[in-house]
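Everything below belongs to structure-v4.cif, which stores mmCIF, C-alpha atoms and all ligand atoms.
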data_work
#
loop_
_atom_site.label_atom_id
_atom_site.label_comp_id
_atom_site.auth_asym_id
_atom_site.auth_seq_id
_atom_site.Cartn_x
_atom_site.Cartn_y
_atom_site.Cartn_z
CA MET A 1 -4.35 -36.67 2.48
CA ARG A 2 -1.05 -35.94 0.79
CA TYR A 3 -1.19 -32.29 1.63
CA THR A 4 -2.13 -32.45 5.31
CA GLY A 5 1.32 -33.68 6.33
CA PHE A 6 2.90 -30.62 4.81
CA ARG A 7 0.43 -28.32 6.42
CA GLU A 8 0.79 -29.79 9.89
CA ARG A 9 4.53 -29.81 9.73
CA ALA A 10 4.63 -26.27 8.54
CA ASN A 11 2.12 -24.97 11.02
CA ARG A 12 4.04 -26.68 13.79
CA CYS A 13 7.20 -25.09 12.64
CA ALA A 14 5.54 -21.75 12.23
CA VAL A 15 4.22 -21.63 15.79
CA SER A 16 7.11 -23.45 17.50
CA GLY A 17 9.43 -21.33 19.64
CA ASN A 18 8.89 -17.61 19.52
CA GLU A 19 9.41 -17.30 15.79
CA LYS A 20 7.52 -14.37 14.33
CA THR A 21 5.01 -15.09 11.59
CA MET A 22 3.30 -13.03 8.93
CA ASP A 23 -0.29 -13.26 7.84
CA VAL A 24 -0.15 -13.80 4.08
CA SER A 25 -3.34 -13.69 1.98
CA VAL A 26 -2.93 -15.43 -1.34
CA TRP A 27 -5.38 -15.46 -4.24
CA ARG A 28 -6.66 -18.95 -5.02
CA GLY A 29 -8.82 -19.79 -8.01
CA SER A 30 -8.97 -19.76 -11.79
CA GLY A 31 -10.66 -17.53 -14.32
CA ASP A 32 -13.08 -15.12 -12.69
CA GLU A 33 -13.68 -17.31 -9.66
CA GLY A 34 -11.63 -17.40 -6.50
CA ALA A 35 -10.94 -15.98 -3.06
CA TYR A 36 -8.04 -15.06 -0.82
CA GLU A 37 -6.67 -17.79 1.43
CA SER A 38 -4.66 -16.98 4.51
CA PHE A 39 -1.32 -18.60 5.42
CA GLN A 40 0.99 -18.10 8.39
CA VAL A 41 4.55 -17.76 7.12
CA PRO A 42 7.66 -17.38 9.31
CA ALA A 43 9.16 -13.89 9.08
CA GLN A 44 12.85 -13.76 8.16
CA ASP A 45 15.23 -10.85 8.35
CA ASN A 46 15.77 -11.04 4.63
CA GLN A 47 13.23 -12.47 2.24
CA THR A 48 11.54 -11.53 -0.97
CA VAL A 49 7.86 -11.81 -1.77
CA LEU A 50 8.78 -14.67 -4.12
CA ASP A 51 10.47 -16.44 -1.18
CA VAL A 52 7.21 -16.17 0.76
CA VAL A 53 5.15 -17.55 -2.13
CA SER A 54 7.67 -20.38 -2.62
CA TYR A 55 7.58 -21.17 1.11
CA ILE A 56 3.81 -21.53 0.96
CA GLN A 57 4.01 -23.79 -2.07
CA GLN A 58 6.86 -25.92 -0.69
CA GLU A 59 5.78 -26.16 2.95
CA LEU A 60 2.07 -25.42 3.24
CA ASP A 61 0.22 -26.17 0.02
CA PRO A 62 2.01 -27.75 -2.97
CA SER A 63 -0.98 -27.05 -5.19
CA LEU A 64 -0.33 -23.29 -5.17
CA THR A 65 0.27 -22.19 -8.77
CA TYR A 66 2.66 -19.36 -9.55
CA ARG A 67 5.45 -18.58 -12.00
CA TYR A 68 9.07 -17.57 -11.85
CA ALA A 69 12.34 -18.52 -13.51
CA CYS A 70 15.44 -16.43 -12.96
CA ARG A 71 14.91 -15.07 -9.41
CA VAL A 72 17.20 -12.14 -10.23
CA GLY A 73 14.98 -9.70 -12.15
CA MET A 74 15.91 -10.79 -15.66
CA CYS A 75 13.14 -12.99 -17.02
CA GLY A 76 10.04 -10.96 -16.16
CA SER A 77 7.90 -13.95 -15.21
CA CYS A 78 7.33 -13.42 -11.48
CA ALA A 79 5.23 -10.25 -11.44
CA MET A 80 2.23 -10.23 -9.09
CA MET A 81 0.05 -7.78 -7.21
CA VAL A 82 1.57 -7.23 -3.77
CA ASN A 83 -0.64 -5.33 -1.33
CA GLY A 84 -2.56 -4.07 -4.36
CA GLN A 85 0.45 -2.86 -6.35
CA PRO A 86 2.19 -4.60 -9.25
CA ARG A 87 5.73 -5.72 -8.45
CA TRP A 88 8.47 -8.09 -9.56
CA THR A 89 8.27 -10.44 -6.62
CA CYS A 90 11.77 -11.90 -6.89
CA ARG A 91 13.31 -8.51 -6.21
CA THR A 92 10.75 -7.07 -3.83
CA HIS A 93 11.84 -7.33 -0.22
CA VAL A 94 9.04 -8.19 2.17
CA LYS A 95 10.25 -5.54 4.62
CA LYS A 96 9.63 -2.85 2.04
CA VAL A 97 5.99 -3.77 1.45
CA LEU A 98 4.80 -5.43 4.66
CA ASN A 99 1.68 -3.80 6.08
CA GLY A 100 1.99 -4.46 9.82
CA ASP A 101 2.40 -8.24 9.68
CA ARG A 102 0.12 -8.61 6.67
CA LEU A 103 0.93 -9.30 3.05
CA THR A 104 -1.58 -9.77 0.24
CA VAL A 105 -0.43 -11.45 -2.96
CA GLY A 106 -2.61 -11.75 -6.06
CA PRO A 107 -2.27 -12.36 -9.80
CA LEU A 108 -1.28 -9.43 -12.04
CA ARG A 109 -4.08 -6.96 -12.72
CA ASN A 110 -5.54 -6.42 -16.22
CA LEU A 111 -4.85 -10.00 -17.36
CA PRO A 112 -6.95 -13.17 -17.21
CA VAL A 113 -6.04 -15.58 -14.42
CA ILE A 114 -4.87 -19.07 -15.36
CA ARG A 115 -4.74 -20.24 -11.79
CA ASP A 116 -3.90 -18.73 -8.40
CA LEU A 117 -1.00 -16.34 -8.94
CA ALA A 118 -0.29 -17.21 -12.58
CA ALA A 119 -1.78 -14.61 -14.93
CA ASP A 120 -2.31 -15.40 -18.59
CA MET A 121 0.24 -13.23 -20.46
CA ASP A 122 -1.19 -13.94 -23.93
CA PRO A 123 -3.12 -10.66 -24.34
CA PHE A 124 0.00 -8.76 -23.26
CA PHE A 125 2.20 -10.43 -25.89
CA GLU A 126 -0.49 -10.30 -28.58
CA LYS A 127 -0.59 -6.54 -28.16
CA TRP A 128 3.20 -6.45 -28.29
CA ILE A 129 2.93 -7.99 -31.75
CA ARG A 130 -0.03 -5.82 -32.79
CA ALA A 131 2.05 -2.76 -31.92
CA GLY A 132 4.62 -3.88 -34.47
CA GLY A 133 7.02 -5.26 -31.89
CA VAL A 134 8.50 -7.93 -34.14
CA HIS A 135 11.70 -7.37 -36.06
CA LYS A 136 11.21 -6.92 -39.79
CA PRO A 137 14.68 -6.97 -41.30
CA GLY A 138 15.47 -4.37 -43.93
CA ARG A 139 18.52 -6.20 -45.24
CA SER A 140 19.29 -9.74 -46.28
CA ARG A 141 22.27 -11.88 -45.33
CA ASP A 142 23.97 -10.84 -48.57
CA ASP A 143 24.09 -7.19 -47.57
CA ALA A 144 26.90 -5.75 -45.51
CA ILE A 145 26.27 -5.48 -41.79
CA GLN A 146 24.69 -2.14 -41.05
CA GLN A 147 26.87 0.22 -39.05
CA VAL A 148 25.06 1.74 -36.08
CA ARG A 149 26.77 4.62 -34.33
CA PRO A 150 26.04 4.48 -30.58
CA GLU A 151 25.94 8.27 -30.34
CA ASP A 152 23.25 8.74 -33.02
CA PRO A 153 20.27 10.53 -31.41
CA GLY A 154 17.91 7.80 -32.67
CA ARG A 155 20.09 5.09 -31.17
CA VAL A 156 20.35 6.94 -27.86
CA GLU A 157 16.54 7.17 -27.74
CA ALA A 158 16.12 3.52 -28.72
CA ASN A 159 18.61 2.39 -26.08
CA LYS A 160 16.51 3.87 -23.28
CA ALA A 161 13.96 1.07 -23.40
CA ILE A 162 15.90 -1.98 -24.49
CA GLU A 163 16.16 -3.29 -20.92
CA CYS A 164 12.43 -4.04 -20.87
CA ILE A 165 11.97 -7.56 -19.49
CA ASN A 166 8.31 -7.95 -20.54
CA CYS A 167 7.18 -8.35 -16.98
CA ALA A 168 3.82 -6.56 -17.58
CA VAL A 169 4.10 -4.63 -14.33
CA CYS A 170 3.42 -1.41 -16.24
CA TYR A 171 0.51 -3.07 -18.05
CA ALA A 172 -1.00 -4.06 -14.69
CA ALA A 173 -0.47 -0.53 -13.35
CA CYS A 174 -2.19 1.19 -16.29
CA ASP A 175 -5.75 2.39 -15.58
CA THR A 176 -6.33 2.98 -19.28
CA VAL A 177 -5.77 -0.72 -19.97
CA ALA A 178 -8.26 -1.47 -17.18
CA GLY A 179 -10.92 0.76 -18.78
CA ASN A 180 -10.16 0.09 -22.44
CA PRO A 181 -9.32 -3.55 -23.18
CA ASP A 182 -8.20 -2.71 -26.74
CA TYR A 183 -5.54 -0.28 -25.53
CA LEU A 184 -2.11 -1.62 -26.48
CA GLY A 185 -0.61 -0.57 -23.17
CA PRO A 186 2.68 0.97 -22.07
CA ALA A 187 5.14 -1.85 -22.78
CA ALA A 188 4.03 -2.54 -26.36
CA LEU A 189 3.89 1.17 -27.18
CA GLN A 190 7.30 1.74 -25.67
CA ARG A 191 8.61 -1.07 -27.84
CA ALA A 192 7.11 0.59 -30.90
CA TRP A 193 8.88 3.83 -29.97
CA THR A 194 12.17 1.93 -29.70
CA LEU A 195 11.67 0.46 -33.17
CA TYR A 196 10.62 3.83 -34.54
CA ASN A 197 13.99 5.22 -33.49
CA ASP A 198 16.02 2.21 -34.60
CA VAL A 199 17.95 2.91 -37.83
CA LYS A 200 17.77 -0.80 -38.71
CA VAL A 201 13.99 -0.47 -39.10
CA THR A 202 13.31 0.71 -42.63
CA ASP A 203 9.55 1.29 -42.56
CA ARG A 204 9.04 3.81 -39.78
CA ALA A 205 5.66 4.84 -41.17
CA ALA A 206 4.42 1.27 -40.72
CA VAL A 207 5.48 1.29 -37.07
CA LEU A 208 3.61 4.55 -36.55
CA ALA A 209 0.54 3.24 -38.37
CA SER A 210 0.29 0.25 -36.06
CA VAL A 211 0.17 2.44 -32.96
CA THR A 212 -2.19 5.23 -34.06
CA GLY A 213 -5.37 3.20 -34.47
CA PRO A 214 -8.27 3.11 -31.98
CA GLY A 215 -6.21 1.18 -29.38
CA GLY A 216 -3.04 3.14 -29.95
CA CYS A 217 -0.86 5.76 -28.26
CA THR A 218 -3.51 8.48 -28.53
CA ASN A 219 -5.52 6.76 -25.78
CA CYS A 220 -2.83 7.25 -23.12
CA HIS A 221 -3.84 9.76 -20.42
CA SER A 222 -0.23 10.53 -19.44
CA GLN A 223 -0.80 9.83 -15.74
CA GLY A 224 2.42 7.84 -15.64
CA SER A 225 1.60 4.81 -13.48
CA CYS A 226 3.65 2.79 -15.98
CA THR A 227 6.78 4.84 -15.36
CA ARG A 228 6.19 4.91 -11.62
CA PHE A 229 5.92 1.14 -11.31
CA CYS A 230 8.37 -0.16 -13.93
CA PRO A 231 10.86 -2.12 -11.82
CA ASN A 232 13.64 -1.46 -14.33
CA GLU A 233 13.09 2.28 -14.05
CA LEU A 234 12.15 2.57 -17.70
CA ASP A 235 9.89 5.39 -18.83
CA PRO A 236 7.04 4.21 -21.09
CA LEU A 237 5.19 7.49 -20.42
CA SER A 238 7.88 9.48 -22.25
CA SER A 239 8.11 6.92 -25.05
CA ILE A 240 4.37 7.24 -25.62
CA ALA A 241 4.66 11.03 -25.57
CA GLY A 242 7.28 10.63 -28.32
CA LEU A 243 4.89 8.50 -30.34
CA LYS A 244 2.13 11.10 -29.91
CA ARG A 245 4.43 13.85 -31.17
CA ALA A 246 5.49 11.73 -34.14
CA ALA A 247 1.85 10.88 -34.89
CA ALA A 248 0.85 14.55 -34.76
CA ARG A 249 3.72 15.49 -37.10
CA SER A 250 2.75 12.83 -39.61
CA PHE A 251 -0.91 13.91 -39.34
CA PHE A 252 0.13 17.27 -40.75
CA GLY A 253 1.98 15.51 -43.52
CA GLY A 254 5.34 15.78 -41.81
CA LYS A 255 7.92 13.11 -42.39
CA SER A 256 7.59 10.19 -40.05
CA MET B 1 -11.34 4.24 -28.89
CA LEU B 2 -9.49 7.36 -29.91
CA GLY B 3 -7.78 7.11 -33.27
CA ILE B 4 -5.43 9.77 -34.54
CA ARG B 5 -8.15 11.91 -36.16
CA LEU B 6 -10.34 12.26 -33.08
CA TYR B 7 -7.22 12.79 -31.00
CA MET B 8 -6.03 15.62 -33.23
CA ALA B 9 -9.53 17.15 -33.32
CA GLN B 10 -9.62 17.16 -29.53
CA ARG B 11 -6.16 18.60 -29.01
CA LEU B 12 -6.53 21.22 -31.77
CA SER B 13 -9.89 22.37 -30.44
CA ALA B 14 -8.29 22.65 -26.98
CA MET B 15 -5.57 24.83 -28.52
CA VAL B 16 -8.25 27.06 -30.04
CA MET B 17 -9.94 27.36 -26.64
CA GLY B 18 -6.76 28.37 -24.81
CA PRO B 19 -6.54 31.95 -26.14
CA LEU B 20 -10.33 32.26 -26.21
CA VAL B 21 -10.54 31.50 -22.48
CA LEU B 22 -7.85 34.09 -21.78
CA GLY B 23 -9.62 36.65 -24.00
CA HIS B 24 -12.93 35.96 -22.28
CA LEU B 25 -11.42 36.42 -18.81
CA ALA B 26 -9.49 39.55 -19.80
CA VAL B 27 -12.56 41.22 -21.28
CA MET B 28 -14.67 40.28 -18.25
CA ILE B 29 -12.16 41.78 -15.82
CA TYR B 30 -11.77 44.90 -17.97
CA ALA B 31 -15.50 45.34 -18.55
CA ILE B 32 -16.69 45.12 -14.95
CA GLN B 33 -14.31 47.82 -13.70
CA GLY B 34 -16.59 50.44 -12.21
CA GLY B 35 -19.70 48.25 -12.54
CA LEU B 36 -21.59 47.12 -15.60
CA SER B 37 -25.22 46.24 -16.29
CA SER B 38 -26.44 43.47 -18.56
CA ALA B 39 -28.05 46.13 -20.73
CA GLU B 40 -24.64 47.70 -21.29
CA ILE B 41 -23.12 44.33 -22.18
CA LEU B 42 -25.90 43.52 -24.61
CA GLY B 43 -25.53 46.97 -26.09
CA ARG B 44 -22.03 46.05 -27.16
CA THR B 45 -22.58 42.45 -28.22
CA LYS B 46 -25.85 42.85 -30.13
CA GLY B 47 -25.15 43.09 -33.82
CA SER B 48 -21.42 42.70 -33.29
CA ILE B 49 -19.82 40.41 -35.84
CA PRO B 50 -16.51 40.15 -33.92
CA TRP B 51 -18.29 38.94 -30.75
CA PHE B 52 -20.38 36.55 -32.82
CA LEU B 53 -17.21 35.07 -34.31
CA PHE B 54 -15.41 35.02 -30.97
CA TYR B 55 -18.11 33.16 -29.06
CA GLY B 56 -19.17 31.16 -32.12
CA ALA B 57 -15.63 29.76 -32.40
CA PHE B 58 -15.71 29.05 -28.67
CA VAL B 59 -18.92 27.06 -29.02
CA LEU B 60 -17.64 25.04 -31.97
CA ALA B 61 -14.33 24.28 -30.27
CA VAL B 62 -15.86 23.26 -26.97
CA SER B 63 -18.47 21.09 -28.72
CA VAL B 64 -15.82 19.14 -30.60
CA HIS B 65 -13.49 18.98 -27.60
CA ALA B 66 -16.01 18.01 -24.95
CA ALA B 67 -17.87 15.47 -27.11
CA ILE B 68 -14.63 13.58 -27.78
CA GLY B 69 -13.60 13.86 -24.14
CA LEU B 70 -16.93 12.49 -22.94
CA ARG B 71 -16.66 9.70 -25.49
CA VAL B 72 -13.37 8.60 -23.94
CA ILE B 73 -14.75 8.68 -20.42
CA LEU B 74 -17.94 6.85 -21.41
CA HIS B 75 -15.98 4.10 -23.18
CA GLU B 76 -13.57 3.60 -20.31
CA VAL B 77 -16.21 3.67 -17.60
CA THR B 78 -19.08 1.75 -19.23
CA GLY B 79 -17.39 -0.15 -22.07
CA LEU B 80 -19.83 1.33 -24.61
CA LYS B 81 -18.37 1.02 -28.13
CA ASP B 82 -18.96 0.79 -31.89
CA ARG B 83 -22.22 2.29 -33.25
CA LEU B 84 -23.62 3.39 -29.91
CA LEU B 85 -20.40 5.18 -29.04
CA GLU B 86 -20.46 6.99 -32.41
CA VAL B 87 -24.09 7.96 -31.87
CA PHE B 88 -23.22 9.30 -28.43
CA THR B 89 -20.20 11.28 -29.68
CA TRP B 90 -22.05 12.96 -32.53
CA GLY B 91 -25.19 13.43 -30.42
CA ALA B 92 -23.23 15.14 -27.64
CA MET B 93 -21.51 17.35 -30.20
CA ALA B 94 -24.83 18.32 -31.82
CA LEU B 95 -26.43 19.08 -28.46
CA LEU B 96 -23.53 21.30 -27.40
CA ILE B 97 -23.50 23.14 -30.73
CA MET B 98 -27.26 23.73 -30.58
CA THR B 99 -27.37 24.99 -26.99
CA GLY B 100 -24.20 27.02 -27.53
CA ALA B 101 -25.44 28.53 -30.77
CA ARG B 102 -28.70 29.49 -29.08
CA ALA B 103 -26.81 31.39 -26.39
CA VAL B 104 -24.46 33.10 -28.86
CA LEU B 105 -27.34 34.15 -31.11
CA ALA B 106 -29.29 35.47 -28.12
CA VAL B 107 -26.58 37.93 -27.21
CA THR B 108 -25.28 38.87 -30.65
CA LEU B 109 -28.40 39.05 -32.88
CA LEU B 110 -29.92 42.46 -33.15
C1 LIG C 1 -8.64 25.89 -22.71
C2 LIG C 1 -9.47 24.98 -22.40
C3 LIG C 1 -9.20 23.50 -22.41
C4 LIG C 1 -8.04 22.79 -22.63
C5 LIG C 1 -6.65 23.34 -22.94
C6 LIG C 1 -8.35 21.39 -22.52
C7 LIG C 1 -7.45 20.34 -22.71
C8 LIG C 1 -7.75 19.00 -22.61
C9 LIG C 1 -6.83 17.91 -22.83
C10 LIG C 1 -5.37 18.02 -23.21
C11 LIG C 1 -7.52 16.74 -22.63
C12 LIG C 1 -6.98 15.32 -22.76
C13 LIG C 1 -6.75 14.68 -21.42
C14 LIG C 1 -6.41 13.23 -21.51
O1 LIG C 1 -6.43 12.62 -22.57
O2 LIG C 1 -6.12 12.67 -20.46
C15 LIG C 1 -8.85 17.09 -22.30
C16 LIG C 1 -9.85 16.19 -22.00
C17 LIG C 1 -11.18 16.53 -21.77
N1 LIG C 1 -11.72 17.80 -21.76
FE1 LIG C 1 -10.71 19.51 -22.00
N2 LIG C 1 -9.69 21.26 -22.23
C18 LIG C 1 -10.23 22.51 -22.15
C19 LIG C 1 -11.55 22.86 -21.89
C20 LIG C 1 -12.57 21.94 -21.73
C21 LIG C 1 -13.97 22.30 -21.57
C22 LIG C 1 -14.51 23.70 -21.52
C23 LIG C 1 -14.64 21.09 -21.44
C24 LIG C 1 -16.11 20.82 -21.25
C25 LIG C 1 -17.09 21.64 -21.43
C26 LIG C 1 -13.69 20.04 -21.51
C27 LIG C 1 -14.00 18.69 -21.41
C28 LIG C 1 -13.07 17.67 -21.51
C29 LIG C 1 -13.39 16.27 -21.33
C30 LIG C 1 -14.77 15.70 -21.01
C31 LIG C 1 -12.19 15.56 -21.48
C32 LIG C 1 -12.00 14.05 -21.40
C33 LIG C 1 -11.19 13.68 -20.20
C34 LIG C 1 -10.11 12.70 -20.52
O3 LIG C 1 -9.92 12.30 -21.68
O4 LIG C 1 -9.41 12.36 -19.58
N3 LIG C 1 -12.44 20.56 -21.70
N4 LIG C 1 -8.99 18.48 -22.29
S1 LIG C 2 0.88 7.07 -18.83
FE1 LIG C 2 -0.35 6.08 -20.44
S2 LIG C 2 0.49 4.02 -20.65
FE2 LIG C 2 1.31 4.88 -18.71
S3 LIG C 2 -0.10 4.11 -17.14
FE3 LIG C 2 -0.88 6.11 -17.81
S4 LIG C 2 -2.34 5.70 -19.49
FE4 LIG C 2 -1.14 3.84 -19.14
S1 LIG C 3 8.43 -1.35 -19.36
FE1 LIG C 3 9.14 -1.96 -17.31
S2 LIG C 3 7.27 -2.65 -16.26
FE2 LIG C 3 6.80 -2.60 -18.44
S3 LIG C 3 7.17 -4.69 -19.16
FE3 LIG C 3 9.07 -3.52 -19.53
S4 LIG C 3 10.29 -3.84 -17.68
FE4 LIG C 3 8.22 -4.47 -17.17
S1 LIG C 4 11.82 -14.51 -11.49
FE1 LIG C 4 12.74 -13.62 -13.25
S2 LIG C 4 12.24 -11.53 -13.01
FE2 LIG C 4 11.52 -12.36 -11.15
#
If you took the structure in this file and wrote it as structure tokens, what would it be?
Amino acid sequence: MRYTGFRERANRCAVSGNEKTMDVSVWRGSGDEGAYESFQVPAQDNQTVLDVVSYIQQELDPSLTYRYACRVGMCGSCAMMVNGQPRWTCRTHVKKVLNGDRLTVGPLRNLPVIRDLAADMDPFFEKWIRAGGVHKPGRSRDDAIQQVRPEDPGRVEANKAIECINCAVCYAACDTVAGNPDYLGPAALQRAWTLYNDVKVTDRAAVLASVTGPGGCTNCHSQGSCTRFCPNELDPLSSIAGLKRAAARSFFGGKS
Amino acid sequence: MLGIRLYMAQRLSAMVMGPLVLGHLAVMIYAIQGGLSSAEILGRTKGSIPWFLFYGAFVLAVSVHAAIGLRVILHEVTGLKDRLLEVFTWGAMALLIMTGARAVLAVTLL
């Protein structure tokens, strides 16, 4: 009963006057079960996909489950599949992705679904850790602070990927992750490449070892969906190519 | 499902095949100028150690390369893994080596 009031009010408002509406299909369900449900949402001149999802939850069906925090492309929590492609919804304008008057919004690909639009990010972060993406300090508090020169080639390389917001858009875009569930995926491997180039990391060989196993960088097919879809315009494809080169060098006994 | 060793084996065997493919094409184009019969070809390959080594290396490289490549595709498409995937990889390699060796021996043995 509680929900019908919302729905009626919203539907009235949606069809009142000559306001234009969009036909928005939203994934509903948990785990492997579910189906798309259709909502009529008023079209605005300026709105993001996250605005549309929030409108549905606030005006049409408060039980809709989704996730966001910052709304400005910083936190990486709002990623969803929009018309079949992974996107950060808080910074994706509806105009850019609308297909006629239709919009389809689903949970991120390649991850289990908790409920509706909220994907379970655990496997993504577990792989981040498996790829060595945790800081292992090489110095203690008693040592002097390590000087890092910004123009060092290693630092320049490491800097390229530090703006990663862990949104898992690249992970959802990667067909190798879809086919090979053990594959660490673009974000975790890119992180490993960053650490590999970071002078503060003392054991570079250990970083390399954690990304050259059966789920590691050697499984990447270099098709580059990760780089194409990363909303921060990062380039995991090139990071992974760097890891492959480093792995090949160390295979021949070269220094890692 | 591709650790560093299989990865290196696949890429190195591909690097071996590169020049062999070019050599194969170049000789084909050169040899058929003015027409050529199979008897003439066999006349040159039979008993030739260089041709045996050339095509023998080709067969070994392609067997390693293609078996690992098929392993990747099979794992990603069907999810096959562990023992069965190993059996498939080595089985595919053995099959390719056997059929390839048969062909090489047929044209190079006296
Ligand atoms: C000069 C010749 C060749 C070169 C340079 C070459 C190179 C490569 C490379 C770099 C890959 C990895 C692609 C990836 O990981 O996405 C690959 C995959 C593969 N190759 Fe070759 N290859 C050659 C000939 C062949 C031949 C003759 C066969 C089969 C008889 C073959 C079968 C395969 C298969 C099945 C894959 C797996 C596809 C994949 O991993 O995406 N290749 N090849
Ligand atoms: S380039 Fe590699 S990591 Fe990026 S999407 Fe393709 S397979 Fe995945
Ligand atoms: S690399 Fe880009 S797409 Fe992937 S998690 Fe980081 S910010 Fe998101
Ligand atoms: S809500 Fe934080 S990145 Fe979209």
Could you check the closest approach to Val64 of chain B for each of B:Leu110, B:Val16, B:Ala26, B:Val77 and tell me which residue wins, using only C-alpha atoms?
B:Val16
How would you write as a PDB file with C-alpha atoms, in the coordinates of the input the residues that get within 12 Å of (-18.8, 5.8, -22.0) in the file's frame, counting all atoms listed in the file?
ATOM      1  CA  GLY A 179     -10.920   0.760 -18.780  1.00  0.00           C
ATOM      2  CA  ASN A 180     -10.160   0.090 -22.440  1.00  0.00           C
TER       3      ASN A 180
ATOM      4  CA  MET B   1     -11.340   4.240 -28.890  1.00  0.00           C
ATOM      5  CA  ALA B  67     -17.870  15.470 -27.110  1.00  0.00           C
ATOM      6  CA  ILE B  68     -14.630  13.580 -27.780  1.00  0.00           C
ATOM      7  CA  GLY B  69     -13.600  13.860 -24.140  1.00  0.00           C
ATOM      8  CA  LEU B  70     -16.930  12.490 -22.940  1.00  0.00           C
ATOM      9  CA  ARG B  71     -16.660   9.700 -25.490  1.00  0.00           C
ATOM     10  CA  VAL B  72     -13.370   8.600 -23.940  1.00  0.00           C
ATOM     11  CA  ILE B  73     -14.750   8.680 -20.420  1.00  0.00           C
ATOM     12  CA  LEU B  74     -17.940   6.850 -21.410  1.00  0.00           C
ATOM     13  CA  HIS B  75     -15.980   4.100 -23.180  1.00  0.00           C
ATOM     14  CA  GLU B  76     -13.570   3.600 -20.310  1.00  0.00           C
ATOM     15  CA  VAL B  77     -16.210   3.670 -17.600  1.00  0.00           C
ATOM     16  CA  THR B  78     -19.080   1.750 -19.230  1.00  0.00           C
ATOM     17  CA  GLY B  79     -17.390  -0.150 -22.070  1.00  0.00           C
ATOM     18  CA  LEU B  80     -19.830   1.330 -24.610  1.00  0.00           C
ATOM     19  CA  LYS B  81     -18.370   1.020 -28.130  1.00  0.00           C
ATOM     20  CA  ASP B  82     -18.960   0.790 -31.890  1.00  0.00           C
ATOM     21  CA  LEU B  84     -23.620   3.390 -29.910  1.00  0.00           C
ATOM     22  CA  LEU B  85     -20.400   5.180 -29.040  1.00  0.00           C
ATOM     23  CA  GLU B  86     -20.460   6.990 -32.410  1.00  0.00           C
ATOM     24  CA  VAL B  87     -24.090   7.960 -31.870  1.00  0.00           C
ATOM     25  CA  PHE B  88     -23.220   9.300 -28.430  1.00  0.00           C
ATOM     26  CA  THR B  89     -20.200  11.280 -29.680  1.00  0.00           C
ATOM     27  CA  ALA B  92     -23.230  15.140 -27.640  1.00  0.00           C
TER      28      ALA B  92
END
Which residues are near Val104 of chain B? Cut-off 10 Å, only C-alpha atoms, ignore same chain within fewer than 4 positions. Put them as number ranges by chain.
B: 45-46, 51-56, 58-59, 98-100, 108-109
May I ask you to write as a ChimeraX atom specification all residues lying at most 8 Å from ligand LIG 2 (chain C), with all atoms listed in the file counted?
/A:170-171,173-177,185-187,189,217,219-227,236-237,240
Which residues of chain B come within 6 Å of ligand LIG 1 (chain C), and what is each one's closest atom pair and distance in Å (one decimal), counting only C-alpha atoms and all ligand atoms, sorted by chain and residue number, as a tab-separated table?
residue	atom	partner	partner_atom	distance
B:Arg11	CA	C:LIG1	C10	5.9
B:Ala14	CA	C:LIG1	C4	4.4
B:Met15	CA	C:LIG1	C5	5.9
B:Met17	CA	C:LIG1	C1	4.4
B:Gly18	CA	C:LIG1	C1	3.8
B:Val21	CA	C:LIG1	C1	5.9
B:Val62	CA	C:LIG1	C22	5.6
B:Ala66	CA	C:LIG1	C27	4.1
B:Gly69	CA	C:LIG1	C32	3.2
B:Leu70	CA	C:LIG1	C30	4.3
B:Val72	CA	C:LIG1	O3	5.5
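Using all atoms listed in the file, the nearest neighbour of ligand LIG 3 (chain C) within the list A:Leu111, A:Ala131, A:Cys75, A:Val199 is A:Cys75.
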Using only C-alpha atoms and all ligand atoms, which residues have at least one atom no more than 12 Å from ligand LIG 3 (chain C)? Output them as JSON, numbers by chain.
{"A": [73, 74, 75, 76, 77, 78, 79, 80, 86, 87, 88, 108, 121, 124, 125, 128, 160, 161, 162, 163, 164, 165, 166, 167, 168, 169, 170, 171, 172, 173, 174, 185, 186, 187, 188, 189, 190, 191, 192, 193, 194, 224, 225, 226, 227, 228, 229, 230, 231, 232, 233, 234, 235, 236, 237, 238, 239, 240]}
Using the file's own x, y and z axes, what box holds all listed atoms of ligand LIG 4 (chain C) with 6 Å on each side, keeping edges along x, y and z, and what are its centre and edge lengths in Å to one decimal, as AutoDock Vina command-line options?
--center_x 12.1 --center_y -13.0 --center_z -12.2 --size_x 13.2 --size_y 15.0 --size_z 14.1
In Å, with one decimal, what is the gap from atom CA of Trp27 of chain A to atom CA of Thr104 of chain A?
8.2 Å
Which residue of A:Phe252, A:Tyr196, A:Tyr36, A:Tyr66 approaches ligand LIG 4 (chain C) most closely, using all atoms listed in the file
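Looking only at the distances to ligand LIG 4 (chain C), the closest residue turns out to be A:Tyr66.
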